[in-house]
Each structure stands twice: as structure tokens, then as C-alpha cells.
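Comments concern the structure below.
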Amino acid sequence: MAQRIPATLIPGDGIGHEIVEATVAALDALGAPFEWDRQVAGLEGVKTANDPLPPATLASIRRTRLALKGPLETPSGGGYRSSNVRLREEFKLYANVRPVRTLIPGGRFDNVDLIVVRENLEGLYVGHELYVQIDDDPHAVAMATGINTRAGSRRLLDYAFAHAIALGRKKVTIVHKANIMKALTGIFLETAQNLYQQKYQGRVVMDTAIVDACAMKLVLNPQQFDVLVTTNLFGDILSDLVAGLVGGLGMAPGANIGADAAIFEAVHGSAPDIAGKGLANPVALMLAAATMLDHVKLCAEATQLRSGIDATLNVDKVRTRDLGGSASTGQFTQALLARLRGRDS
Ligand code: NAD
């Protein structure tokens with residue numbers, strides 16, 4: 001039997017439990033040797049441990065350096081700070097990698113196969129925000145400060161170029177807004193150009209795009225892109241946009257790669273509108289689990305999982321409601337398990 005791999009499992013909030021259980025069942029069917037340490041975070045952390053990111057959860061990830069995570073709820077406009085952002089900071093998860101490809105042909109776009117690499121620690125997400133009072137209005141003015149560093153940009157860009165080359169990708173597009181935010185995103189563009197000349201020219205093609213034009217081009221002709229690399233906020237927006245090109249958030253996995261740990265998750269949130277109804281599509285988290293298998297060098301199992309998902313969607317045509325089907329989370333999972341178990345027969 002393969003060596004056990006300790007990993008932290010955070011079911012999270014909303015649909016988290018449903019999609020995490022489905023994903024763990026698929027990993028079990030593959031015989032993946034993860035030794036799960038179950039922990040809480042987000043709203044569930046607040047409810048059960050009075051903390052959206054309890055010390056036990058942090059200690060677990062510090063020990064395993066590997067986690068599979070369901071979505072965590074963050075209150076809007078006030079309340080506690082996002083546990084996702086805190087996890088990124090705590091474990092220096094500087095690269096958010098979001099691969100997106102057409103899984104069901106005949107949708108909006110066929111043959112989409114691109115990766116968004118988003119800087120995860122800097123930019124406008126550093127959380128330096130404040131209100132300025134004028135007269136008796138305490139919220140008369142709102143201000144935010146973004147911070148991008150040359151070192152942080154270089155670390156992310158270095159990872160993105162190397163990852164693109166390792167995956168045999170042909171083109172890396174640097175997405176920015178340096179025409180307006182000349183310093184904040186100019187530093188990212190300048191660092192990319194310097195790094196490319198020093199280290200990557202001739203190994204992969206690099207081009208650049210302004211974020212607004214890039215959004216339009218993605219919607220008109222996404223096949224022209226291969227790997228998109230960008231700063232935090234633009235990456236957050238574009239990775240949801242590209243998920244929409246291939247059937248929605250239910251199909252988009254994400255990996256948070258850092259110096260101290262790697263955390264795998266779906267791009268989507270906790271979907272409170274459908275939580276507990278058996279309607280959630282578990283594919284995004286399952287694809288994140290496939291990336292996690294690749295990360296721990298269980299590449300054959302990763303390929304089996306992706307092929308099983310592909311066959312369940314396209315041969316068995318078992319699909320959840322967000323994909324135009326009628327299957328529940330459980331029915332999709334059972335069909336996938338039958339595929340995965342049948343692989344040896
Ligand atoms: P959301 O992604 O939860 O939902 C957006 C829409 O997509 C909803 O209609 C939802 O039903 C649908 N959807 C999402 N995932 C789906 C799935 N797997 N199957 C079928 N339909 C799915 O976004 P939101 O409503 O803006 O956010 C809800 C909560 O999730 C917020 O508290 C937010 O902060 C949090 N969130 C967490 C993460 C994370 O943990 N990584 C990411 C994004 C949002």
C-alpha cells in the first residue's frame with residue numbers, strides 16, 4: 001500500500017460538506033492514501049470554536065503542509081476578516097492557480113484550455129482600508145491602499161513562467177492596468193518584462209494585455225489565451241470570468257501554492273442559496289483534488305479522476321442542475337464512483 005499522506009480537510013460552510021464528502025468518496029475510490037485531519041474554519045469555526053480560523057486548524061496545516069478546503073463564508077461590509085485571505089497570509093500562499101478548460105463540448109465555447117495565475121498576497125487585498133469622517137457622516141469618504149512589491153511580483157511571475165513551461169504551455173500573457181495605475185500595476189509589468197528577458201525568453205512566448213481589453217477578448221475569443229498572469233484583484237475577477245466561459249463556477253478548481261503549504265479548493269463560494277438541497281456541483285472541488293494529487297506526485301490517480309469526471313459528464317451524461325442536468329450531488333457522485341471503481345474491471 002502507498003505511503004500515507006497526512007492532509008488537513010476543511011469541509012467549510014454552505015455546500016462545503018456536500019462537495020467535500022463527494023470528493024473524499026472519489027479519492028477513496030481511487031485508493032488515494034490521504035490521512036485526513038478534519039478541521040473547521042469560516043462560519044463553522046465561529047459556531048464551534050468561536051474563531052473563523054481556530055488555532056487547531058492552523059496547527060494542523062502547519063503539520064501537514066497540505067489541505068483540501070471547502071468554501072468559507074465571509075460576512076460582507078463588516079464582521080470578521082476573510083479566513084481565506086488569512087490562510088493565504090499565514091502560509092504565504094503567494095500563487096493562486098486556476099486552470100479552466102471546456103469539460104462539456106457544445107457549450108458557449110469549445111476548446112478553452114487556459115490557466116489564470118493570480119498573485120495572492122499583495123495588491124488591493126492587503127486590507128488597508130479606512131473611512132474618513134466629514135461633518136457628522138463617519139463614512140463620508142472611503143479609502144483603500146494597494147501594495148505590490150518587486151520581490152512579491154517576481155516570486156509570483158517566476159512561479160508562473162516555470163509552471164507554464166513545466167506544463168508545456170506556449171504563451172504567458174501578463175495582465176495589468178499600468179496605463180492608469182502606473183505604479184501599483186506598473187511594477188508588476190516591469191518586473192515581468194525584466195524577468196522574462198533574464199530567464200525565460202526563448203522558452204515560452206510572453207505578451208501583455210490591459211485588463212479591460214483582456215476581459216473583452218476573453219469573452220470574444222478565449223482560445224487565443226494560454227496562461228494569464230496578473231495581480232490579486234484582476235486575477236480574482238478574471239478567474240471567475242473564465243469559469244463562466246466553460247459552464248460556470250461549478251467547474252473551476254483552484255490551488256493556493258506557497259512557500260510553507262499548498263491548499264486546494266474550488267473557486268466558487270459557499271453558495272448559501274443552494275446549501276443542504278443536494279444541488280451543488282462537486283466537480284470544481286474534485287478537479288481541485290486532482291490538482292492536489294498531481295502536487296503529491298500521484299499523477300496517474302489525478303488523470304483517472306479527471307477522466308472519470310469527463311466520462312460521467314459526457315458519456316453517462318450525468319450532470320447537476322447548474323450544467324443543465326437534473327442529477328443531485330449524490331447521484332453525480334454515485335455515477336462517478338461507478339466509473340472510478342470500474343476502471344480495474
Ligand atoms: P458563490 O460562489 O457561493 O455563489 C455564486 C452563485 O453560484 C450562486 O448562485 C451559487 O448557487 C452558484 N454556485 C456556486 N458554487 C456552485 C456549485 N458548486 N454548484 C452549483 N452552483 C454553484 O458566491 P457568493 O454567493 O458571492 O458567496 C457566498 C459566500 O462564499 C460568501 O460568504 C463569500 O465570501 C464566500 N466565498 C468563499 C470562497 C472561498 O472559500 N474560496 C470563494 C468565494 C466566495
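Residues in the C-alpha cells are numbered from 1 in each chain, the chains being A, B, ... in the order shown, and ligands are numbered from 1 in the order shown.
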* Expected answer as an MDAnalysis selection string: residues within 6 Å of ligand 1, only C-alpha atoms and all ligand atoms -> chainID A and resid 71:75 84 249:250 267:271 273:274 280:282 322
Hey, can you spit out that residue selection with all heavy atoms as a short mmCIF file (atom, residue, chain, number, x, y, z; two decimals), in the first residue's frame?
```
data_model
loop_
_atom_site.label_atom_id
_atom_site.label_comp_id
_atom_site.auth_asym_id
_atom_site.auth_seq_id
_atom_site.Cartn_x
_atom_site.Cartn_y
_atom_site.Cartn_z
N PRO A 71 -15.53 25.80 0.67
CA PRO A 71 -15.64 27.26 0.73
C PRO A 71 -15.93 27.77 2.14
O PRO A 71 -16.63 27.10 2.90
CB PRO A 71 -16.81 27.58 -0.20
CG PRO A 71 -17.56 26.30 -0.33
CD PRO A 71 -16.62 25.18 -0.10
N LEU A 72 -15.41 28.93 2.45
CA LEU A 72 -15.60 29.54 3.77
C LEU A 72 -16.38 30.84 3.62
O LEU A 72 -16.04 31.66 2.76
CB LEU A 72 -14.25 29.82 4.43
CG LEU A 72 -13.30 28.64 4.54
CD1 LEU A 72 -11.98 29.08 5.18
CD2 LEU A 72 -13.92 27.51 5.35
N GLU A 73 -17.40 31.00 4.44
CA GLU A 73 -18.23 32.19 4.33
C GLU A 73 -17.54 33.40 4.96
O GLU A 73 -16.92 33.28 6.02
CB GLU A 73 -19.56 31.93 5.04
CG GLU A 73 -20.73 32.34 4.18
CD GLU A 73 -22.02 31.75 4.67
OE1 GLU A 73 -22.19 30.51 4.52
OE2 GLU A 73 -22.85 32.50 5.18
N THR A 74 -17.65 34.54 4.30
CA THR A 74 -17.10 35.79 4.84
C THR A 74 -18.21 36.82 4.86
O THR A 74 -18.84 37.05 3.81
CB THR A 74 -15.98 36.33 3.93
OG1 THR A 74 -15.05 35.29 3.68
CG2 THR A 74 -15.25 37.49 4.59
N PRO A 75 -18.50 37.45 6.00
CA PRO A 75 -19.54 38.48 6.00
C PRO A 75 -19.12 39.67 5.14
O PRO A 75 -17.94 40.02 5.11
CB PRO A 75 -19.65 38.88 7.48
CG PRO A 75 -18.43 38.37 8.14
CD PRO A 75 -17.85 37.28 7.31
N ASN A 84 -10.05 32.98 4.27
CA ASN A 84 -9.26 32.61 3.09
C ASN A 84 -8.04 33.52 2.94
O ASN A 84 -6.93 33.05 2.69
CB ASN A 84 -10.12 32.72 1.83
CG ASN A 84 -11.21 31.68 1.82
OD1 ASN A 84 -10.94 30.51 2.05
ND2 ASN A 84 -12.43 32.11 1.58
N LEU A 249 -19.14 28.44 -12.24
CA LEU A 249 -18.23 28.26 -11.12
C LEU A 249 -18.12 26.80 -10.68
O LEU A 249 -17.14 26.41 -10.07
CB LEU A 249 -18.73 29.10 -9.93
CG LEU A 249 -18.51 30.60 -10.04
CD1 LEU A 249 -19.24 31.32 -8.92
CD2 LEU A 249 -17.03 30.91 -9.98
N GLY A 250 -19.14 26.02 -10.98
CA GLY A 250 -19.13 24.61 -10.58
C GLY A 250 -18.02 23.81 -11.24
O GLY A 250 -17.79 22.65 -10.89
N VAL A 267 -13.04 27.35 -6.88
CA VAL A 267 -13.04 28.80 -6.99
C VAL A 267 -14.32 29.39 -6.36
O VAL A 267 -14.30 30.46 -5.78
CB VAL A 267 -12.92 29.23 -8.47
CG1 VAL A 267 -13.20 30.71 -8.65
CG2 VAL A 267 -11.53 28.88 -9.00
N HIS A 268 -15.42 28.64 -6.46
CA HIS A 268 -16.70 29.20 -6.00
C HIS A 268 -16.78 29.32 -4.48
O HIS A 268 -15.95 28.78 -3.75
CB HIS A 268 -17.86 28.35 -6.53
CG HIS A 268 -17.86 26.92 -6.04
ND1 HIS A 268 -18.14 26.58 -4.75
CD2 HIS A 268 -17.58 25.76 -6.68
CE1 HIS A 268 -18.06 25.27 -4.62
NE2 HIS A 268 -17.71 24.74 -5.77
N GLY A 269 -17.82 30.00 -4.03
CA GLY A 269 -18.03 30.20 -2.60
C GLY A 269 -18.97 29.16 -2.03
O GLY A 269 -19.17 28.08 -2.61
N SER A 270 -19.57 29.51 -0.89
CA SER A 270 -20.34 28.52 -0.11
C SER A 270 -21.78 28.36 -0.63
O SER A 270 -22.52 27.55 -0.08
CB SER A 270 -20.37 28.95 1.36
OG SER A 270 -20.95 30.24 1.46
N ALA A 271 -22.14 29.13 -1.64
CA ALA A 271 -23.46 29.01 -2.30
C ALA A 271 -24.59 28.82 -1.29
O ALA A 271 -25.31 27.81 -1.34
CB ALA A 271 -23.43 27.87 -3.32
N ASP A 273 -27.44 29.88 -1.18
CA ASP A 273 -28.78 29.75 -1.78
C ASP A 273 -29.15 28.30 -2.08
O ASP A 273 -30.32 27.96 -2.18
CB ASP A 273 -28.88 30.61 -3.06
CG ASP A 273 -27.74 30.36 -4.05
OD1 ASP A 273 -26.62 29.99 -3.63
OD2 ASP A 273 -27.96 30.54 -5.26
N ILE A 274 -28.15 27.42 -2.24
CA ILE A 274 -28.48 26.01 -2.56
C ILE A 274 -27.96 25.04 -1.50
O ILE A 274 -28.08 23.83 -1.67
CB ILE A 274 -27.95 25.60 -3.96
CG1 ILE A 274 -26.43 25.79 -4.06
CG2 ILE A 274 -28.66 26.38 -5.07
CD1 ILE A 274 -25.81 25.08 -5.25
N ALA A 280 -25.64 21.01 -5.27
CA ALA A 280 -24.29 21.51 -5.55
C ALA A 280 -23.54 20.61 -6.54
O ALA A 280 -23.62 19.38 -6.45
CB ALA A 280 -23.49 21.62 -4.25
N ASN A 281 -22.84 21.24 -7.43
CA ASN A 281 -21.98 20.52 -8.37
C ASN A 281 -20.61 20.32 -7.70
O ASN A 281 -19.93 21.31 -7.41
CB ASN A 281 -21.85 21.39 -9.64
CG ASN A 281 -20.96 20.74 -10.67
OD1 ASN A 281 -20.43 19.67 -10.46
ND2 ASN A 281 -20.82 21.41 -11.80
N PRO A 282 -20.20 19.08 -7.47
CA PRO A 282 -18.92 18.88 -6.78
C PRO A 282 -17.70 18.87 -7.69
O PRO A 282 -16.58 18.67 -7.23
CB PRO A 282 -19.12 17.48 -6.15
CG PRO A 282 -20.02 16.78 -7.11
CD PRO A 282 -20.90 17.82 -7.74
N ASP A 322 -26.83 23.06 -12.44
CA ASP A 322 -26.10 24.22 -12.98
C ASP A 322 -25.54 23.93 -14.37
O ASP A 322 -25.21 24.85 -15.12
CB ASP A 322 -24.96 24.62 -12.03
CG ASP A 322 -24.01 23.46 -11.76
OD1 ASP A 322 -24.49 22.39 -11.33
OD2 ASP A 322 -22.81 23.62 -12.00
#
```
* Assign secondary structure with DSSP using the backbone only, and return the residues of segment 39-272 of chain A in alpha helix (DSSP H) as a ChimeraX atom specification. => /A:42-49,55-64,83-90,150-166,186-195,211-220,232-245
Write a file of the selected residues as a tab-separated table (two decimals), in the first residue's frame, keeping C-alpha atoms.
```tsv
chain	number	residue	atom	x	y	z
A	42	GLY	CA	-15.14	30.14	8.46
A	43	LEU	CA	-18.67	30.37	9.87
A	44	GLU	CA	-18.41	26.80	11.17
A	45	GLY	CA	-15.25	27.83	13.02
A	46	VAL	CA	-17.12	30.74	14.61
A	47	LYS	CA	-20.02	28.47	15.62
A	48	THR	CA	-17.99	25.59	17.03
A	49	ALA	CA	-14.74	27.20	18.21
A	55	PRO	CA	-5.53	27.64	16.27
A	56	ALA	CA	-6.11	23.87	15.87
A	57	THR	CA	-6.82	24.37	12.16
A	58	LEU	CA	-3.66	26.42	11.69
A	59	ALA	CA	-1.62	23.87	13.67
A	60	SER	CA	-2.95	21.06	11.50
A	61	ILE	CA	-1.94	22.78	8.24
A	62	ARG	CA	1.42	23.69	9.76
A	63	ARG	CA	1.94	19.97	10.38
A	64	THR	CA	0.58	18.55	7.12
A	83	SER	CA	-10.36	33.30	6.66
A	84	ASN	CA	-9.26	32.61	3.09
A	85	VAL	CA	-7.17	35.78	3.00
A	86	ARG	CA	-5.75	34.98	6.45
A	87	LEU	CA	-4.82	31.45	5.36
A	88	ARG	CA	-3.01	32.87	2.34
A	89	GLU	CA	-1.08	35.25	4.55
A	90	GLU	CA	-0.32	32.72	7.29
A	150	ARG	CA	9.06	43.92	-6.81
A	151	ALA	CA	10.02	40.87	-4.73
A	152	GLY	CA	6.42	39.66	-4.44
A	153	SER	CA	5.74	40.21	-8.14
A	154	ARG	CA	8.96	38.43	-9.09
A	155	ARG	CA	8.22	35.41	-6.87
A	156	LEU	CA	4.78	35.01	-8.43
A	157	LEU	CA	5.97	35.62	-12.00
A	158	ASP	CA	8.87	33.21	-11.57
A	159	TYR	CA	6.44	30.51	-10.43
A	160	ALA	CA	4.04	31.29	-13.29
A	161	PHE	CA	6.68	31.14	-16.04
A	162	ALA	CA	8.20	27.95	-14.62
A	163	HIS	CA	4.77	26.32	-14.16
A	164	ALA	CA	3.75	27.26	-17.72
A	165	ILE	CA	6.94	25.75	-19.15
A	166	ALA	CA	6.64	22.60	-16.98
A	186	GLY	CA	3.36	49.16	-13.47
A	187	ILE	CA	5.77	47.47	-11.06
A	188	PHE	CA	4.22	44.09	-11.91
A	189	LEU	CA	4.52	44.68	-15.66
A	190	GLU	CA	8.09	45.98	-15.39
A	191	THR	CA	9.13	43.03	-13.21
A	192	ALA	CA	7.60	40.61	-15.71
A	193	GLN	CA	9.46	42.19	-18.62
A	194	ASN	CA	12.79	42.13	-16.77
A	195	LEU	CA	12.36	38.57	-15.52
A	211	VAL	CA	-7.13	44.07	-18.00
A	212	ASP	CA	-10.25	45.66	-19.50
A	213	ALA	CA	-9.29	44.76	-23.07
A	214	CYS	CA	-8.29	41.31	-21.85
A	215	ALA	CA	-11.76	40.79	-20.34
A	216	MET	CA	-13.37	41.66	-23.67
A	217	LYS	CA	-11.01	39.40	-25.64
A	218	LEU	CA	-11.68	36.53	-23.23
A	219	VAL	CA	-15.39	36.79	-23.89
A	220	LEU	CA	-14.97	37.11	-27.69
A	232	ASN	CA	-4.60	39.96	-6.97
A	233	LEU	CA	-7.84	41.82	-7.72
A	234	PHE	CA	-7.67	41.40	-11.51
A	235	GLY	CA	-6.93	37.71	-11.01
A	236	ASP	CA	-9.91	37.29	-8.73
A	237	ILE	CA	-12.25	38.83	-11.30
A	238	LEU	CA	-10.76	37.17	-14.39
A	239	SER	CA	-10.73	33.71	-12.86
A	240	ASP	CA	-14.47	33.90	-12.24
A	241	LEU	CA	-14.93	35.26	-15.76
A	242	VAL	CA	-13.05	32.34	-17.31
A	243	ALA	CA	-15.03	29.88	-15.17
A	244	GLY	CA	-18.14	31.33	-16.80
A	245	LEU	CA	-16.74	30.55	-20.25
```
* Asked: With only C-alpha atoms as the atoms that count, which of A:Thr185, A:Gln3, A:Thr23, A:Ser76 lies nearest to Ala266 of chain A?
  ->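 Of A:Thr185, A:Gln3, A:Thr23, A:Ser76, the one nearest Ala266 of chain A, counting only C-alpha atoms, is A:Thr23.
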* Computed interatomic separation between atom CA of Phe91 of chain A and atom CA of Thr149 of chain A (Å) -> 18.1 Å
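Residues of segment 149-244 of chain A that DSSP places in strand (DSSP E or B), based on the backbone of this structure, are Lys171, Val172, Thr173, Ile174, Val175, His176, Val205, Met206, Asp207, Thr208, Ala209, Ile210, Val227, Leu228, Val229 and Thr230 of chain A.
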File dump, residues just selected, all heavy atoms, as a tab-separated table (two decimals), in the first residue's frame:
```
chain	number	residue	atom	x	y	z
A	171	LYS	N	2.30	30.16	-24.26
A	171	LYS	CA	2.27	31.62	-24.16
A	171	LYS	C	1.84	32.06	-22.76
A	171	LYS	O	0.92	31.50	-22.19
A	171	LYS	CB	1.28	32.18	-25.20
A	171	LYS	CG	1.28	33.70	-25.28
A	171	LYS	CD	0.42	34.22	-26.43
A	171	LYS	CE	-1.06	34.07	-26.16
A	171	LYS	NZ	-1.91	34.76	-27.11
A	172	VAL	N	2.53	33.07	-22.25
A	172	VAL	CA	2.16	33.67	-20.97
A	172	VAL	C	1.77	35.12	-21.23
A	172	VAL	O	2.54	35.88	-21.81
A	172	VAL	CB	3.36	33.61	-19.98
A	172	VAL	CG1	3.04	34.39	-18.72
A	172	VAL	CG2	3.70	32.15	-19.65
A	173	THR	N	0.54	35.49	-20.83
A	173	THR	CA	0.07	36.87	-21.02
A	173	THR	C	0.07	37.58	-19.66
A	173	THR	O	-0.57	37.12	-18.72
A	173	THR	CB	-1.35	36.87	-21.60
A	173	THR	OG1	-1.35	36.14	-22.83
A	173	THR	CG2	-1.84	38.29	-21.85
A	174	ILE	N	0.79	38.68	-19.58
A	174	ILE	CA	0.84	39.47	-18.35
A	174	ILE	C	-0.30	40.49	-18.41
A	174	ILE	O	-0.36	41.31	-19.32
A	174	ILE	CB	2.19	40.23	-18.23
A	174	ILE	CG1	3.39	39.26	-18.43
A	174	ILE	CG2	2.27	40.98	-16.90
A	174	ILE	CD1	3.48	38.15	-17.42
A	175	VAL	N	-1.22	40.41	-17.45
A	175	VAL	CA	-2.40	41.28	-17.46
A	175	VAL	C	-2.22	42.37	-16.40
A	175	VAL	O	-1.89	42.09	-15.25
A	175	VAL	CB	-3.67	40.46	-17.18
A	175	VAL	CG1	-4.91	41.35	-17.27
A	175	VAL	CG2	-3.78	39.29	-18.16
A	176	HIS	N	-2.46	43.64	-16.82
A	176	HIS	CA	-2.13	44.77	-15.94
A	176	HIS	C	-3.06	45.95	-16.22
A	176	HIS	O	-3.96	45.86	-17.08
A	176	HIS	CB	-0.68	45.20	-16.20
A	176	HIS	CG	-0.49	45.70	-17.60
A	176	HIS	ND1	-0.62	47.03	-17.92
A	176	HIS	CD2	-0.26	45.04	-18.77
A	176	HIS	CE1	-0.44	47.17	-19.24
A	176	HIS	NE2	-0.23	45.98	-19.76
A	205	VAL	N	6.55	32.08	-25.02
A	205	VAL	CA	6.24	33.41	-25.54
A	205	VAL	C	5.60	34.24	-24.44
A	205	VAL	O	4.79	33.74	-23.67
A	205	VAL	CB	5.27	33.31	-26.75
A	205	VAL	CG1	4.80	34.68	-27.21
A	205	VAL	CG2	5.94	32.54	-27.88
A	206	MET	N	5.97	35.53	-24.34
A	206	MET	CA	5.29	36.41	-23.40
A	206	MET	C	4.64	37.55	-24.17
A	206	MET	O	5.26	38.13	-25.06
A	206	MET	CB	6.27	36.99	-22.38
A	206	MET	CG	5.55	37.82	-21.31
A	206	MET	SD	6.66	38.76	-20.24
A	206	MET	CE	6.83	40.27	-21.18
A	207	ASP	N	3.37	37.86	-23.85
A	207	ASP	CA	2.79	39.10	-24.32
A	207	ASP	C	2.08	39.79	-23.16
A	207	ASP	O	2.07	39.27	-22.04
A	207	ASP	CB	1.89	38.90	-25.56
A	207	ASP	CG	0.65	38.11	-25.27
A	207	ASP	OD1	0.44	37.71	-24.10
A	207	ASP	OD2	-0.15	37.89	-26.20
A	208	THR	N	1.53	40.96	-23.42
A	208	THR	CA	0.90	41.72	-22.33
A	208	THR	C	-0.50	42.16	-22.77
A	208	THR	O	-0.78	42.27	-23.97
A	208	THR	CB	1.73	42.96	-21.96
A	208	THR	OG1	1.73	43.84	-23.08
A	208	THR	CG2	3.15	42.60	-21.57
A	209	ALA	N	-1.38	42.38	-21.79
A	209	ALA	CA	-2.74	42.85	-22.09
A	209	ALA	C	-3.22	43.74	-20.95
A	209	ALA	O	-2.96	43.46	-19.78
A	209	ALA	CB	-3.68	41.66	-22.28
A	210	ILE	N	-3.92	44.80	-21.32
A	210	ILE	CA	-4.56	45.65	-20.30
A	210	ILE	C	-5.85	44.95	-19.86
A	210	ILE	O	-6.57	44.37	-20.69
A	210	ILE	CB	-4.81	47.05	-20.87
A	210	ILE	CG1	-3.44	47.71	-21.14
A	210	ILE	CG2	-5.63	47.90	-19.91
A	210	ILE	CD1	-3.50	49.08	-21.78
A	227	VAL	N	-1.79	31.01	-20.80
A	227	VAL	CA	-1.61	31.24	-19.36
A	227	VAL	C	-1.70	32.75	-19.13
A	227	VAL	O	-0.99	33.53	-19.77
A	227	VAL	CB	-0.24	30.72	-18.88
A	227	VAL	CG1	-0.04	31.00	-17.39
A	227	VAL	CG2	-0.11	29.22	-19.15
A	228	LEU	N	-2.59	33.16	-18.22
A	228	LEU	CA	-2.75	34.58	-17.87
A	228	LEU	C	-2.17	34.78	-16.48
A	228	LEU	O	-2.50	34.02	-15.56
A	228	LEU	CB	-4.23	34.96	-17.85
A	228	LEU	CG	-4.97	34.85	-19.19
A	228	LEU	CD1	-6.46	34.66	-18.96
A	228	LEU	CD2	-4.75	36.09	-20.02
A	229	VAL	N	-1.33	35.79	-16.33
A	229	VAL	CA	-0.70	36.04	-15.02
A	229	VAL	C	-1.00	37.47	-14.62
A	229	VAL	O	-0.76	38.40	-15.40
A	229	VAL	CB	0.83	35.82	-15.09
A	229	VAL	CG1	1.42	35.87	-13.69
A	229	VAL	CG2	1.15	34.50	-15.75
A	230	THR	N	-1.51	37.65	-13.41
A	230	THR	CA	-1.93	39.00	-13.05
A	230	THR	C	-1.93	39.23	-11.54
A	230	THR	O	-1.70	38.31	-10.76
A	230	THR	CB	-3.31	39.30	-13.69
A	230	THR	OG1	-3.61	40.69	-13.53
A	230	THR	CG2	-4.41	38.47	-13.07
```
* Which residues come within 6 Å of Ile115 of chain A, counting only C-alpha atoms, excluding same-chain residues fewer than 2 positions away, as number ranges by chain? -> A: 98-100, 227
Could you save the residues just selected, with N, CA and C atoms, as a CSV table (one decimal), in the first residue's frame?
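So the final result, stored in result_38.csv, reads:
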```
chain,number,residue,atom,x,y,z
A,98,ARG,N,-5.5,28.8,-11.2
A,98,ARG,CA,-6.9,28.4,-11.6
A,98,ARG,C,-6.9,27.9,-13.0
A,99,PRO,N,-6.8,26.6,-13.3
A,99,PRO,CA,-6.9,26.0,-14.6
A,99,PRO,C,-8.4,25.9,-15.0
A,100,VAL,N,-8.7,26.3,-16.2
A,100,VAL,CA,-10.1,26.2,-16.7
A,100,VAL,C,-10.0,25.6,-18.1
A,227,VAL,N,-1.8,31.0,-20.8
A,227,VAL,CA,-1.6,31.2,-19.4
A,227,VAL,C,-1.7,32.8,-19.1
```
* Asked: Excluding same-chain residues fewer than 4 positions from Glu119 of chain A, what lies within 6 Å of it counting only C-alpha atoms, as a count of residues only?
  -> 4
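Considering only C-alpha atoms, the residue among A:Leu103, A:Gln197, A:Val126, A:Asp113 positioned nearest to Arg319 of chain A is A:Leu103.
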